[in-house]
Amino acid sequence: MVEIGQVSLVIAALVAAYAALASFLGAGLRMTDLSTSGRYAAYSLPLLLAAPTVSLVNAFVGRDFSVRYVAENSNLAMPNAYTWVAMYAGNAGSLLFLALVLAVTSAIALRGLSRRMPHTTAYASGILMLALTFFMVIILGFANPLERLPITPADGQGINPLLVHFGMFIHPPVQMTGLVMVSVPFSIAMGAMMAGRGGRDEWVDQGRLWGMITWLVLTVGLMLGAWWAYTILGWGGYWAWDPVENSALMPWLAMTAFVHSIMVQKRRGMFRMWNIVLIITAFTLAQMGMFINRGGPVPSVHSFAQSSMGWLFLSFMTFTLLASLAAFWWRAGTLKSREGLDSILSRESVFLTQNVLFLAVALVTLWGTVFPIFSEAAQDETVTVGAPFFNRVNGPLILTLVVLMGVGPLLPWRRASRANVVNALKYPVAAGVAAAAVLMLLGIGRPVAVTAFSVCAMVVTGILSEWVRGTMSRRRSGEPTPLAFGRLLLRNRPRYGGYVVHLAIVMLAVGAIGSSFYSVQRDMVLRPGDTGNLDGYSFRYLGVEKTFFADRVEEVAELVVYSGGSRLGTMRPFRAFYPDFRIASTRGAIRSTPAEDFYIVPSEFDEDGRAVFRVLVNPLVWWMWASGPLLFVGVVFGLWPQRRPAAETLTARALAQAARA
């Protein structure tokens with residue numbers, strides 16, 4: 001089975017290289033048959049890369065330690081359930097996964113492009129296949145997951161203990177998928193530009209579709225990563241501005257700017273050059289994320305696939321950036337927008353300001369992430385940038401973005417009068433002021449927190465007022481209220497799907513604000529029978545149950561928790577120590593409600609019976625996790641195909657036939 005996978009890897013590399021070359025030559029020489037041949041070669045790659053993937057999974061399941069990667073990332077004590085996690089626990093397996101994802105998404109995207117944008121497809125295919133060829137060269141030359149060992153060991157080294165968690169079944173593959181999927185909207189935009197059709201806006205629908213899908217995958221990956229950090233790393237938080245976290249956040253910020261800005265291009269034919277710059281930036285930052293993860297240039301608390309291959313990713317990133325900028329300069333004349341910005345008081349102006357702020361946050365994050373590299377080069381000393389820097393600099397920028405998120409959709413296109421602005425913002429601003437007053441009456445007096453919560457109230461009120469206004473307008477035409485509301489949503493899915501996403505972002509912000517400003521934490525040393533107290537909670541430590549395994553020692557503490565005199569139940573935080581790795585893996589016991597989380601995690605168990613616990617009360621964290629499903633629903637609703645009325649369809653067909661004539 002392993003040999004079949006090896007052969008398939010070599011064939012896949014050759015086919016990917018041929019697909020890239022045939023696509024570019026066919027496009028440049030206008031040889032349709034050649035470019036079509038390259039596209040069909042791309043269609044074969046998912047199957048060719050599925051073979052080595054299945055071979056590697058089979059080797060893990062069968063504990064075939066003759067395969068170097070299997071021996072380095074599993075052992076006899078590892079449960080079969082973690083075979084999938086072990087596959088991308090290191091560099092070689094994760095690169096194979098990335099190549100498979102890129103092949104599958106490329107085939108799907110090219111299939112759709114070939115029907116809708118035949119002039120662009122060849123260039124897009126060449127770009128995607130060039131990226132895939134790069135991955136294949138790395139896999140075959142530097143990180144082959146199916147490489148055999150000269151001597152088969154009796155047992156493997158085992159999986160990284162921090163990866164033994166349910167979240168690892170989803171978070172790493174989703175995050176890696178999001179990073180590599182940035183290639184798809186990038187190839188669509190660059191393909192249209194290289195074909196000289198960037199100014200026709202025919203690529204916008206496909207660019208928006210794949211841009212939104214990529215953004216959603218990146219968002220889900222980031223949220224799953226935060227949840228994993230919250231439940232297993234044992235520090236009570238979910239975001240620490242760690243380099244690996246930042247490596248996914250930066251392209252997410254650029255993609256967020258892109259999916260907003262491309263709507264302006266679709267609506268008004270504006271921001272054509274700007275959108276190309278945004279997608280080039282997103283693609284470059286996605287590659288920077290892979291460089292940070294693979295090359296290990298900066299210290300990280302959870303970088304599991306470091307290697308000495310960083311220079312390869314950095315070189316490819318530099319090449320693609322320079323090539324993209326050269327293509328942009330070459331075709332800049334075809335990207336002139338047909339309209340300009342009419343007024344500062346307009347929806348377009350707000351979107352542009354948002355874009356600049358998104359990029360500002362990304363650049364601040366990039367600087368803080370790579371600063372240790374420059375400090376080491378200049379002073380021969382690694383100086384890391386901590387969370388206080390990011391919070392202090394990015395915090396005001398992010399809060400301004402939330403404000404604009406609430407203001408932008410309320411303003412009209414082109415130009416708004418002062419009366420329009422006052423009428424649109426009177427209820428949201430009133431709600432924000434009322435929220436501030438209520439919070440201060442409740443004793444919540446931190447100015448920054450009160451301001452942030454008030455902004456969230458303003459955004460929610462603005463969204464609800466739009467829904468109410470639209471529903472009442474339809475109701476005046478005779479429709480019952482439920483029917484009017486339903487038809488309002490269905491008739492403009494992109495707009496109202498975006499509103500649902502904005503509501504989810506507000507929920508996320510509420511959770512982040514509450515837990516950041518009002519979290520309470522204390523470390524306690526308890527013996528069996530001792531009682532502790534924190535912020536209205538009391539808990540009694542009953543004891544610890546210790547279990548020995550071949551590769552670890554597991555200790556599960558038992559505590560009874562009370563609040564306000566009522567017994568809430570028993571909580572069992574967990575700690576496992578892996579002697580071979582010299583790593584302790586913890587899982588906090590969490591009682592979560594919409595108001596707050598009671599979180600307790602063990603730090604240490606002594607032989608004399610004492611135990612060290614970190615106890616936290618984290619307000620409003622529940623809203624962060626609840627925002628995820630709502631955000632997913634909003635994106636899917638906004639992207640769901642909308643059936644046009646028969647008359648509209650006939651008119652569109654007539655216009656298309658007239659254009660062809």
# chains A, B, ... in the order shown; residues from 1 in each chain; ligands from 1

$ residues_around --residues "Met405 (chain A)" --least-positions-apart "4" --cutoff "9 Å" --atoms "only C-alpha atoms" --output "ChimeraX atom specification"
/A:350-351,354,400-401,409,459,502

$ write_last_selection --atoms "C-alpha atoms" --output "JSON list (two decimals), in the first residue's frame"
[["chain", "number", "residue", "atom", "x", "y", "z"],
["A", 350, "VAL", "CA", -17.40, 53.43, 4.92],
["A", 351, "PHE", "CA", -16.37, 50.18, 3.18],
["A", 354, "GLN", "CA", -13.08, 49.56, 6.91],
["A", 400, "THR", "CA", -13.68, 51.49, 15.27],
["A", 401, "LEU", "CA", -14.31, 48.64, 12.83],
["A", 409, "PRO", "CA", -25.16, 49.29, 6.01],
["A", 459, "VAL", "CA", -24.88, 47.84, 15.91],
["A", 502, "HIS", "CA", -22.82, 41.00, 11.75]]

$ closest_residue --among "A:Pro161, A:Ile188, A:Val174, A:Asn423" --to "Ser94 (chain A)" --atoms "only C-alpha atoms"
A:Val174

$ select_by_dssp --residues "region 57-129 of chain A" --states "alpha helix (DSSP H)" --output "number ranges by chain"
A: 57-61, 68-73, 83-87, 91-116, 118-129

$ residues_around --residues "region 180-183 of chain A" --least-positions-apart "4" --cutoff "7 Å" --atoms "only C-alpha atoms" --output "list in words"
Leu98, Leu102, Leu128, Met176, Ser187, Thr214 and Phe283 of chain A

$ closest_residue --among "A:Arg495, A:Arg610, A:Arg575, A:Arg68" --to "Trp640 (chain A)" --atoms "only C-alpha atoms"
A:Arg495

$ closest_residue --among "A:Pro428, A:Gly269, A:Pro172, A:Gly536" --to "Glu202 (chain A)" --atoms "only C-alpha atoms"
A:Gly269

$ residues_around --residues "region 549-556 of chain A" --least-positions-apart "3" --cutoff "6 Å" --atoms "only C-alpha atoms" --output "ChimeraX atom specification"
/A:544-546,573-578

$ residues_around --residues "Gly406 (chain A)" --least-positions-apart "3" --cutoff "8 Å" --atoms "only C-alpha atoms" --output "list in words"
Val402, Val403, Pro409, Leu410, Met458, Val459, Val460, Gly462 and Ile463 of chain A

$ residues_around --residues "Gly470 (chain A)" --least-positions-apart "4" --cutoff "7 Å" --atoms "only C-alpha atoms" --output "PyMOL selection string"
chain A and resi 466+474+488

$ closest_atom_pairs --of "region 575-650 of chain A" --to "region 220-239 of chain A" --cutoff "7 Å" --atoms "only C-alpha atoms" --output "CSV"
residue,atom,partner,partner_atom,distance
A:Ser585,CA,A:Ile232,CA,6.9
A:Thr586,CA,A:Ile232,CA,5.4
A:Arg587,CA,A:Ile232,CA,4.5
A:Gly588,CA,A:Thr231,CA,5.6
A:Val601,CA,A:Gly234,CA,6.1
A:Leu616,CA,A:Gly236,CA,6.9

$ closest_residue --among "A:Thr369, A:Asn355, A:Ser337, A:Ser563" --to "Ile292 (chain A)" --atoms "only C-alpha atoms"
A:Thr369

$ residues_around --residues "region 18-24 of chain A" --least-positions-apart "5" --cutoff "9 Å" --atoms "only C-alpha atoms" --output "list of chain:residue names"
A:Ala13, A:Leu29, A:Leu34, A:Ser35, A:Thr36, A:Ser37, A:Gly38, A:Arg39, A:Tyr40, A:Ala41, A:Ala42, A:Thr121, A:Ala122, A:Tyr123, A:Ala124, A:Ser125, A:Gly126, A:Ile127, A:Leu128, A:Met129, A:Leu130, A:Ala131, A:Leu132, A:Thr133

$ write_last_selection --atoms "C-alpha atoms" --output "PDB file, in the first residue's frame"
ATOM      1  CA  ALA A  13       3.887  15.865  -9.113  1.00  0.00           C
ATOM      2  CA  LEU A  29      -0.422  31.149 -27.159  1.00  0.00           C
ATOM      3  CA  LEU A  34      -3.586  22.770 -24.761  1.00  0.00           C
ATOM      4  CA  SER A  35      -5.138  24.786 -21.949  1.00  0.00           C
ATOM      5  CA  THR A  36      -8.102  22.383 -21.878  1.00  0.00           C
ATOM      6  CA  SER A  37      -5.641  19.500 -21.561  1.00  0.00           C
ATOM      7  CA  GLY A  38      -4.053  21.247 -18.561  1.00  0.00           C
ATOM      8  CA  ARG A  39      -7.440  21.712 -16.939  1.00  0.00           C
ATOM      9  CA  TYR A  40      -8.353  18.047 -17.390  1.00  0.00           C
ATOM     10  CA  ALA A  41      -4.997  17.102 -15.899  1.00  0.00           C
ATOM     11  CA  ALA A  42      -5.962  19.174 -12.850  1.00  0.00           C
ATOM     12  CA  THR A 121      -9.965  29.620 -16.630  1.00  0.00           C
ATOM     13  CA  ALA A 122      -6.606  28.815 -18.235  1.00  0.00           C
ATOM     14  CA  TYR A 123      -4.724  31.464 -16.254  1.00  0.00           C
ATOM     15  CA  ALA A 124      -6.519  30.501 -13.027  1.00  0.00           C
ATOM     16  CA  SER A 125      -5.668  26.857 -13.659  1.00  0.00           C
ATOM     17  CA  GLY A 126      -2.012  27.732 -14.229  1.00  0.00           C
ATOM     18  CA  ILE A 127      -1.808  29.679 -10.965  1.00  0.00           C
ATOM     19  CA  LEU A 128      -3.458  26.925  -8.914  1.00  0.00           C
ATOM     20  CA  MET A 129      -1.369  24.174 -10.473  1.00  0.00           C
ATOM     21  CA  LEU A 130       1.835  26.166  -9.956  1.00  0.00           C
ATOM     22  CA  ALA A 131       1.022  26.371  -6.240  1.00  0.00           C
ATOM     23  CA  LEU A 132       0.264  22.649  -6.155  1.00  0.00           C
ATOM     24  CA  THR A 133       3.512  21.862  -7.973  1.00  0.00           C
TER      25      THR A 133
END

$ atom_distance --atom1 "CA of Leu162 (chain A)" --atom2 "CA of Gly310 (chain A)"
23.1 Å

$ closest_residue --among "A:Asp535, A:Asp205, A:Asp242, A:Asp64" --to "Gln521 (chain A)" --atoms "only C-alpha atoms"
A:Asp535

$ closest_atom_pairs --of "region 194-285 of chain A" --to "region 339-349 of chain A" --cutoff "10 Å" --atoms "only C-alpha atoms" --output "Markdown table"
| residue | atom | partner | partner_atom | distance |
| --- | --- | --- | --- | --- |
| A:His260 | CA | A:Glu348 | CA | 9.9 |
| A:Ser261 | CA | A:Glu348 | CA | 8.4 |
| A:Met263 | CA | A:Glu348 | CA | 9.4 |
| A:Val264 | CA | A:Glu348 | CA | 6.5 |
| A:Gln265 | CA | A:Glu348 | CA | 9.6 |
| A:Arg267 | CA | A:Glu348 | CA | 9.8 |
| A:Arg268 | CA | A:Glu339 | CA | 7.1 |
| A:Gly269 | CA | A:Glu339 | CA | 6.6 |
| A:Met270 | CA | A:Glu339 | CA | 6.0 |
| A:Phe271 | CA | A:Gly340 | CA | 8.7 |

$ atom_distance --atom1 "CA of Tyr599 (chain A)" --atom2 "CA of Asn618 (chain A)"
7.5 Å
